[in-house]
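Participant: Structure: query.txt, compact mmCIF, C-alpha atoms.
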# COMPACT_ATOMS: atom_id res chain seq x y z
CA MET A 104 163.30 120.57 139.84
CA GLU A 105 164.07 124.26 139.27
CA THR A 106 164.44 125.64 135.73
CA ALA A 107 166.09 128.94 134.79
CA PHE A 108 163.92 131.91 133.81
CA THR A 109 164.68 132.50 130.11
CA PRO A 110 162.57 135.46 128.92
CA PHE A 111 164.73 136.30 125.89
CA ALA A 112 165.15 132.79 124.51
CA SER A 113 161.46 132.10 125.12
CA LEU A 114 160.40 135.34 123.42
CA GLY A 115 162.70 134.62 120.46
CA GLY A 116 161.39 131.07 120.22
CA GLY A 117 157.84 132.40 120.36
CA LEU A 118 158.55 134.79 117.48
CA ALA A 119 159.85 131.86 115.38
CA ILE A 120 156.80 129.74 116.28
CA GLY A 121 154.59 132.60 115.09
CA LEU A 122 156.65 132.95 111.91
CA GLY A 123 156.15 129.25 111.18
CA ALA A 124 152.40 129.64 111.62
CA VAL A 125 152.32 132.67 109.29
CA MET A 126 154.44 130.84 106.69
CA LEU A 127 152.03 127.91 106.62
CA MET A 128 149.09 130.27 106.12
CA LEU A 129 150.96 132.18 103.42
CA GLY A 130 152.09 129.10 101.51
CA LEU A 131 149.34 126.53 102.00
CA GLY A 132 146.50 128.51 103.54
CA ARG A 133 146.40 126.27 106.61
CA ILE A 134 146.21 126.76 110.36
CA LEU A 135 149.30 125.39 112.13
CA GLY A 136 147.75 122.96 114.59
CA ALA A 137 150.24 120.27 115.53
CA THR A 138 147.63 117.71 116.57
CA GLY A 139 145.67 118.22 113.35
CA ILE A 140 148.80 117.92 111.22
CA MET A 141 149.82 114.73 113.03
CA SER A 142 146.32 113.24 112.89
CA GLY A 143 146.01 114.22 109.22
CA LEU A 144 149.22 112.34 108.47
CA VAL A 145 148.61 109.22 110.56
CA PHE A 146 145.00 108.84 109.39
CA ALA A 147 145.46 110.35 105.89
CA GLN A 148 142.86 109.40 103.28
CA ASN A 149 145.08 110.18 100.29
CA ARG A 150 148.61 111.09 99.29
CA ALA A 151 147.99 114.82 98.76
CA GLU A 152 146.76 115.14 102.34
CA ALA A 153 149.73 113.22 103.71
CA SER A 154 152.63 114.70 101.71
CA TRP A 155 152.75 118.31 102.94
CA ARG A 156 152.11 117.16 106.50
CA ALA A 157 154.96 114.64 106.25
CA ALA A 158 157.30 117.31 104.85
CA MET A 159 156.38 119.67 107.63
CA ILE A 160 156.86 117.08 110.36
CA LEU A 161 160.26 116.15 108.90
CA GLY A 162 161.23 119.84 109.06
CA MET A 163 160.11 119.99 112.67
CA ILE A 164 162.09 116.87 113.59
CA ALA A 165 165.20 118.33 111.90
CA ALA A 166 165.12 121.39 114.19
CA PRO A 167 167.08 120.03 117.20
CA GLY A 168 169.80 118.75 114.84
CA VAL A 169 170.08 122.16 113.16
CA ILE A 170 170.36 123.81 116.57
CA PHE A 171 173.06 121.30 117.52
CA LEU A 172 175.02 122.08 114.32
CA VAL A 173 174.85 125.83 114.97
CA SER A 174 175.31 125.96 118.75
CA GLY A 175 177.00 122.66 119.61
CA THR A 176 174.33 121.72 122.16
CA MET A 177 171.06 119.83 121.87
CA PRO A 178 167.97 121.59 123.24
CA ALA A 179 167.20 120.39 126.78
CA VAL A 180 164.54 117.72 127.27
CA ASP A 181 164.33 117.03 131.02
CA VAL A 182 161.50 114.64 131.81
CA PRO A 183 160.58 114.79 135.50
CA VAL A 184 157.72 112.28 135.18
CA SER A 185 157.56 108.48 134.95
CA PRO A 186 157.00 106.53 131.70
CA THR A 187 153.53 105.58 133.00
CA MET A 188 152.65 109.26 133.38
CA ILE A 189 153.94 109.97 129.86
CA VAL A 190 151.68 107.27 128.41
CA ILE A 191 148.59 108.27 130.42
CA GLY A 192 149.18 111.96 129.68
CA GLY A 193 149.79 111.29 125.99
CA ILE A 194 146.59 109.30 125.53
CA ILE A 195 144.56 112.03 127.26
CA VAL A 196 146.32 114.74 125.22
CA GLY A 197 145.52 112.98 121.92
CA PHE A 198 141.92 112.24 122.85
CA GLY A 199 141.27 115.70 124.33
CA ALA A 200 142.92 117.72 121.57
CA SER A 201 140.96 115.79 118.95
CA LEU A 202 137.64 116.16 120.80
CA GLY A 203 138.30 119.86 121.53
CA SER A 204 139.51 120.51 117.94
CA GLY A 205 142.88 121.89 118.92
CA CYS A 206 145.92 122.07 121.15
CA THR A 207 148.46 124.70 122.22
CA SER A 208 149.44 125.58 118.65
CA GLY A 209 146.04 125.40 116.93
CA HIS A 210 143.88 127.07 119.60
CA GLY A 211 146.65 128.83 121.53
CA VAL A 212 148.70 130.50 118.80
CA CYS A 213 146.57 130.41 115.64
CA GLY A 214 143.12 130.65 117.22
CA LEU A 215 143.81 133.41 119.73
CA SER A 216 145.59 135.57 117.16
CA ARG A 217 142.46 135.66 115.00
CA PHE A 218 140.18 136.09 118.05
CA SER A 219 138.33 132.82 117.44
CA ILE A 220 135.60 132.62 120.07
CA ARG A 221 136.10 128.84 120.36
CA SER A 222 139.82 129.32 121.03
CA LEU A 223 139.07 132.08 123.53
CA VAL A 224 137.12 129.42 125.44
CA ALA A 225 139.49 126.50 124.79
CA VAL A 226 142.77 128.15 125.86
CA PRO A 227 141.75 129.36 129.34
CA THR A 228 140.08 125.95 129.83
CA PHE A 229 143.18 123.88 129.11
CA MET A 230 145.53 126.31 130.86
CA ALA A 231 143.35 126.06 133.98
CA THR A 232 143.05 122.25 133.94
CA ALA A 233 146.80 121.91 133.32
CA GLY A 234 147.51 124.19 136.28
CA ILE A 235 145.07 122.32 138.53
CA THR A 236 146.53 118.97 137.44
CA VAL A 237 150.09 120.06 138.23
CA PHE A 238 148.96 121.45 141.58
CA ILE A 239 147.20 118.20 142.52
CA ILE A 240 150.09 115.98 141.41
CA ARG A 241 152.87 118.07 142.99
CA HIS A 242 151.27 119.57 146.08
CA MET A 243 148.52 117.15 147.10
CA PHE A 244 150.24 113.88 146.17
CA GLY A 245 153.72 115.38 146.52
CA ALA A 246 155.08 113.73 143.37
CA MET B 170 158.45 123.34 95.80
CA LYS B 171 155.35 123.22 97.97
CA LEU B 172 156.85 120.35 99.97
CA ILE B 173 160.17 122.17 100.43
CA PHE B 174 158.24 125.18 101.68
CA ALA B 175 156.26 122.95 104.07
CA GLY B 176 159.51 121.42 105.34
CA LEU B 177 161.02 124.86 105.87
CA THR B 178 157.90 125.96 107.72
CA GLY B 179 158.23 122.95 110.01
CA LEU B 180 161.90 123.73 110.57
CA VAL B 181 161.21 127.36 111.55
CA PHE B 182 158.42 126.25 113.90
CA GLY B 183 160.61 123.49 115.36
CA VAL B 184 163.57 125.81 115.96
CA GLY B 185 161.16 128.16 117.72
CA ILE B 186 159.84 125.35 119.90
CA ALA B 187 163.39 124.27 120.79
CA LEU B 188 164.66 127.80 121.60
CA SER B 189 161.54 128.67 123.57
CA GLY B 190 161.86 125.84 126.09
CA MET B 191 158.49 124.35 125.12
CA MET B 192 160.05 120.96 124.36
CA ASN B 193 161.40 120.70 127.90
CA PRO B 194 158.71 119.14 130.14
CA ALA B 195 160.54 120.30 133.30
CA LYS B 196 160.10 123.89 132.10
CA VAL B 197 156.50 123.41 130.95
CA LEU B 198 155.44 121.83 134.25
CA ASN B 199 157.21 124.59 136.19
CA PHE B 200 155.26 127.17 134.18
CA PHE B 201 152.08 125.66 135.63
CA ASP B 202 153.53 125.18 139.11
CA ILE B 203 152.80 128.67 140.41
CA ALA B 204 152.67 127.35 143.99
CA GLY B 205 156.08 125.67 143.66
CA THR B 206 159.11 126.02 141.37
CA TRP B 207 157.40 128.56 139.11
CA ASP B 208 159.14 129.52 135.85
CA PRO B 209 157.10 132.14 133.95
CA SER B 210 159.26 131.90 130.77
CA LEU B 211 156.57 130.27 128.65
CA ALA B 212 154.30 133.31 128.89
CA PHE B 213 156.92 135.00 126.68
CA VAL B 214 156.59 132.19 124.11
CA MET B 215 152.87 132.74 123.76
CA GLY B 216 153.32 136.52 123.74
CA GLY B 217 155.95 136.43 120.99
CA ALA B 218 154.02 133.95 118.86
CA LEU B 219 150.76 135.92 119.14
CA VAL B 220 152.37 139.20 118.08
CA VAL B 221 153.78 137.60 114.92
CA THR B 222 150.64 135.66 113.98
CA GLY B 223 148.34 138.54 114.92
CA ILE B 224 150.11 140.86 112.48
CA GLY B 225 151.27 138.24 109.97
CA TYR B 226 147.89 136.55 109.43
CA ARG B 227 146.23 139.86 108.63
CA ALA B 228 148.97 140.73 106.13
CA VAL B 229 148.70 137.29 104.48
CA TRP B 230 144.91 137.44 104.19
CA ARG B 231 145.18 140.52 101.96
CA ARG B 232 146.26 138.10 99.24
CA ALA B 233 143.63 136.49 97.03
CA GLN B 234 144.99 133.02 97.75
CA PRO B 235 147.96 131.16 99.29
CA LEU B 236 151.30 131.03 97.39
CA PHE B 237 150.75 127.44 96.31
CA GLY B 238 147.11 127.89 95.30
CA GLY B 239 143.85 126.77 96.83
CA THR B 240 142.06 128.84 99.45
CA PHE B 241 142.75 130.01 102.98
CA GLN B 242 141.20 127.28 105.13
CA VAL B 243 140.32 129.06 108.35
CA PRO B 244 137.85 127.43 110.75
CA ASN B 245 134.70 129.55 111.03
CA ALA B 246 132.77 127.59 113.66
CA THR B 247 131.60 129.69 116.60
CA ASN B 248 129.64 127.12 118.64
CA ILE B 249 130.71 126.58 122.24
CA ASP B 250 129.70 122.99 122.95
CA PRO B 251 130.55 120.30 125.51
CA LYS B 252 133.01 118.70 123.05
CA LEU B 253 135.07 121.90 122.85
CA VAL B 254 135.08 122.53 126.58
CA GLY B 255 135.41 118.88 127.65
CA GLY B 256 138.06 118.12 125.04
CA SER B 257 140.07 121.21 126.00
CA ALA B 258 139.75 120.38 129.70
CA LEU B 259 141.04 116.85 129.03
CA PHE B 260 143.86 118.19 126.87
CA GLY B 261 145.02 120.39 129.74
CA ILE B 262 144.90 117.48 132.19
CA GLY B 263 147.05 115.34 129.87
CA TRP B 264 149.46 118.22 129.29
CA GLY B 265 149.76 118.72 133.06
CA ILE B 266 150.44 115.01 133.59
CA ALA B 267 153.05 114.48 130.85
CA GLY B 268 154.51 117.96 130.37
CA PHE B 269 154.55 117.53 126.58
CA CYS B 270 152.05 118.84 124.05
CA PRO B 271 152.03 117.63 120.41
CA GLY B 272 153.58 120.77 118.88
CA ALA B 273 156.48 120.50 121.30
CA ALA B 274 156.89 116.73 121.14
CA ILE B 275 157.10 116.42 117.35
CA PRO B 276 160.25 118.62 117.08
CA ALA B 277 161.56 116.95 120.27
CA LEU B 278 161.61 113.63 118.36
CA GLY B 279 164.74 115.05 116.73
CA THR B 280 166.64 114.86 120.03
CA GLY B 281 166.32 111.08 119.88
CA ARG B 282 164.89 110.78 123.39
CA TRP B 283 162.82 107.62 123.95
CA GLU B 284 160.40 109.43 126.26
CA VAL B 285 159.33 111.59 123.32
CA VAL B 286 158.69 108.55 121.13
CA LEU B 287 156.62 107.04 123.94
CA PHE B 288 154.57 110.24 124.27
CA ILE B 289 153.91 110.51 120.52
CA ALA B 290 152.82 106.85 120.40
CA ALA B 291 150.43 107.51 123.30
CA VAL B 292 149.01 110.58 121.53
CA VAL B 293 148.34 108.48 118.42
CA ILE B 294 146.48 105.97 120.62
CA GLY B 295 144.43 108.86 122.06
CA LEU B 296 143.61 110.14 118.56
CA ALA B 297 142.59 106.64 117.48
CA LEU B 298 140.38 106.20 120.56
CA ARG B 299 138.57 109.42 119.78
CA ARG B 300 137.98 108.31 116.17
CA LEU B 301 136.71 104.98 117.43
CA MET B 302 134.37 106.70 119.89
CA THR B 303 133.01 108.99 117.19
CA ARG B 304 132.46 106.05 114.85
CA ILE B 305 130.58 104.11 117.53
CA THR B 306 128.39 107.03 118.65
CA THR B 307 127.64 108.65 115.29
CA GLY B 308 128.69 106.21 112.61
CA ALA B 309 130.76 108.98 111.01
CA VAL B 310 134.51 109.15 110.56
CA PRO B 311 135.97 112.39 112.01
CA GLN B 312 138.31 114.56 109.96
Could you render the structure as structure tokens?

Facilitator:
Amino acid sequence: METAFTPFASLGGGLAIGLGAVMLMLGLGRILGATGIMSGLVFAQNRAEASWRAAMILGMIAAPGVIFLVSGTMPAVDVPVSPTMIVIGGIIVGFGASLGSGCTSGHGVCGLSRFSIRSLVAVPTFMATAGITVFIIRHMFGA
Amino acid sequence: MKLIFAGLTGLVFGVGIALSGMMNPAKVLNFFDIAGTWDPSLAFVMGGALVVTGIGYRAVWRRAQPLFGGTFQVPNATNIDPKLVGGSALFGIGWGIAGFCPGAAIPALGTGRWEVVLFIAAVVIGLALRRLMTRITTGAVPQ
């Protein structure tokens, strides 16, 4: 399935993602790592840990609705994979991001911008394995 | 006030994710499919986000502390170990299978798509499995 090349929307979205990360550091002194925020909410030890994460996740979930109110269209979510693949992928994503201490937002955006050596290793690693995985699934199995 | 700020931070991040195309698995998988229906848009997401965080973080860290008190909690580990590399490699594989990553899927919950709910549930299972594994192998509960 082809998708349109959207350099301007993607750049603008990237700027907003960065702004969100800077805001969280400015306000709460935290790295914006989505997996960590989710894990910290689901497995929270106390209310103080859970509350800001819950507020943040609610803000995130409100985003598509706000975009719909402003533009009249929901952001596209086209899922070209089966439910089985979503479940298998999701479990591996959760396990791997937790073991590797970060995902696209934590290592990719926050870690790289502060030249964290661990993120400089993690990001090329997961970009490479994602690319290899897509190549194998699409071009060797032809899915 | 702190919670409102956290919610606003999540909203800004989520709007960025939605505009950028990151919450669209078709677009994410095409970004990795260099040999097929390649869509390089998402490189602009990372570029935009890194410019803002790269400059913004350094400006924020000139402050003595975050707006709502406490300290700036920035990871300072520098060890490159098998957990970091293996976890990141797994994360990339899962991302390449499902096309969603956590930071994209959380805002995507707001579109009401069942595939997103399924992915998030699978991620939580993956996080729980990793906690279980850590508890069995070390007796400690991970953060």

Participant: List every protein, DNA or RNA residue with an atom no more than 10 Å from (166.0, 124.5, 118.6) in the file's coordinates, counting only C-alpha atoms, and format the result as an NGL selection string.

Facilitator: (:A and (116 or 163-171 or 173-174 or 176-179)) or (:B and (180-192 or 276-277 or 279-280))

Participant: Atom CA of Cys206 of chain A to atom CA of Ala175 of chain B: how many Å, to one decimal?

Facilitator: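 Result for atom CA of Cys206 of chain A versus atom CA of Ala175 of chain B: 20.0 Å, one decimal.
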
Participant: For atom CA of Gly205 of chain A and atom CA of Gly265 of chain B, determine how far apart the two atoms are, in Å to one decimal place.

Facilitator: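 That distance, rounded to one decimal, is 16.0 Å.
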
Participant: For Val145 of chain A, which residue among B:Leu236, B:Asn199, B:Ala297, B:Val214 is the nearest when counting only C-alpha atoms?

Facilitator: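 Of all the options, B:Ala297 lies closest to Val145 of chain A.
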
Participant: Residues at most 7 Å from Thr228 of chain A, counting only C-alpha atoms, excluding those fewer than 3 positions away in the same chain, as JSON, numbers by chain?

Facilitator: {"A": [224, 225, 231, 232], "B": [254, 257, 258]}

Participant: Just write the chosen residues, C-alpha atoms, as a PDB file, keeping the file's coordinate frame.

Facilitator:
ATOM      1  CA  VAL A 224     137.120 129.420 125.440  1.00  0.00           C
ATOM      2  CA  ALA A 225     139.490 126.500 124.790  1.00  0.00           C
ATOM      3  CA  ALA A 231     143.350 126.060 133.980  1.00  0.00           C
ATOM      4  CA  THR A 232     143.050 122.250 133.940  1.00  0.00           C
TER       5      THR A 232
ATOM      6  CA  VAL B 254     135.080 122.530 126.580  1.00  0.00           C
ATOM      7  CA  SER B 257     140.070 121.210 126.000  1.00  0.00           C
ATOM      8  CA  ALA B 258     139.750 120.380 129.700  1.00  0.00           C
TER       9      ALA B 258
END

Participant: So which residues touch Gly139 of chain A within 9 Å, counting all atoms listed in the file, skipping near sequence neighbours fewer than 4 positions away, as a list in words?

Facilitator: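 My reading of the contact set: Leu135, Gly143, Leu144, Ala200, Ser201, Ser204, Gly205, Cys206 and Gly209 of chain A; Gln312 of chain B.
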
Participant: Write out, as an mmCIF file, in the frame of the given file, the residues just selected, with C-alpha atoms.

Facilitator:
data_model
loop_
_atom_site.group_PDB
_atom_site.id
_atom_site.type_symbol
_atom_site.label_atom_id
_atom_site.label_comp_id
_atom_site.auth_asym_id
_atom_site.auth_seq_id
_atom_site.Cartn_x
_atom_site.Cartn_y
_atom_site.Cartn_z
ATOM 1 C CA LEU A 135 149.300 125.390 112.130
ATOM 2 C CA GLY A 143 146.010 114.220 109.220
ATOM 3 C CA LEU A 144 149.220 112.340 108.470
ATOM 4 C CA ALA A 200 142.920 117.720 121.570
ATOM 5 C CA SER A 201 140.960 115.790 118.950
ATOM 6 C CA SER A 204 139.510 120.510 117.940
ATOM 7 C CA GLY A 205 142.880 121.890 118.920
ATOM 8 C CA CYS A 206 145.920 122.070 121.150
ATOM 9 C CA GLY A 209 146.040 125.400 116.930
ATOM 10 C CA GLN B 312 138.310 114.560 109.960
#

Participant: Tell me which of B:Phe260, B:Phe269, B:Trp230, B:Phe200 sits closest to chain A, counting only C-alpha atoms.

Facilitator: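 Nearest candidate to chain A out of B:Phe260, B:Phe269, B:Trp230, B:Phe200: B:Phe260.
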
Participant: Which one of B:Leu301, B:Thr206, B:Gly308, B:Ala228 sits closest to chain A if you count only C-alpha atoms?

Facilitator: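 Of B:Leu301, B:Thr206, B:Gly308, B:Ala228, the one nearest chain A, counting only C-alpha atoms, is B:Thr206.
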
Participant: Skip Gly192 of chain A itself and residues of its chain fewer than 2 positions away, then list as a short mmCIF file (atom, residue, chain, number, x, y, z; two decimals) with C-alpha atoms, keeping the file's coordinate frame all residues within 7 Å of it, counting only C-alpha atoms.

Facilitator:
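Once everything was written out, this is selection.cif:
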data_model
loop_
_atom_site.label_atom_id
_atom_site.label_comp_id
_atom_site.auth_asym_id
_atom_site.auth_seq_id
_atom_site.Cartn_x
_atom_site.Cartn_y
_atom_site.Cartn_z
CA MET A 188 152.65 109.26 133.38
CA ILE A 189 153.94 109.97 129.86
CA VAL A 190 151.68 107.27 128.41
CA ILE A 194 146.59 109.30 125.53
CA ILE A 195 144.56 112.03 127.26
CA VAL A 196 146.32 114.74 125.22
CA GLY B 263 147.05 115.34 129.87
CA TRP B 264 149.46 118.22 129.29
CA ILE B 266 150.44 115.01 133.59
CA ALA B 267 153.05 114.48 130.85
#

Participant: Counting all atoms listed in the file, which residues come within 8 Å of (165.1, 129.2, 134.2), with the point read in the file's coordinates, and could you list them as a list in words?

Facilitator: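 Neighbouring residues, ordered by chain and number, come to Glu105, Thr106, Ala107, Phe108 and Thr109 of chain A; Lys196, Asp208 and Ser210 of chain B.
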
Participant: Could the centre and edge lengths of an axis-aligned box, enclosing all atoms of segment 196-208 of chain A in the file with 4 Å extra on each side, be given in Å to one decimal as JSON?

Facilitator:
{"center_x": 143.5, "center_y": 118.9, "center_z": 121.6, "size_x": 19.8, "size_y": 21.3, "size_z": 15.3}

Participant: Please determine, counting all atoms listed in the file, which residue among B:Lys252, B:Lys171, B:Arg300, B:Arg231 has the shortest atom-to-atom distance to Gly203 of chain A.

Facilitator: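 Ranking B:Lys252, B:Lys171, B:Arg300, B:Arg231 by distance to Gly203 of chain A, first place goes to B:Lys252.
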
Participant: Tell me, in Å to one decimal, how far atom CA of Asp202 of chain B is from atom CA of Ser113 of chain A.

Facilitator: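 Value for the atom CA of Asp202 of chain B-atom CA of Ser113 of chain A distance: 17.5 Å.
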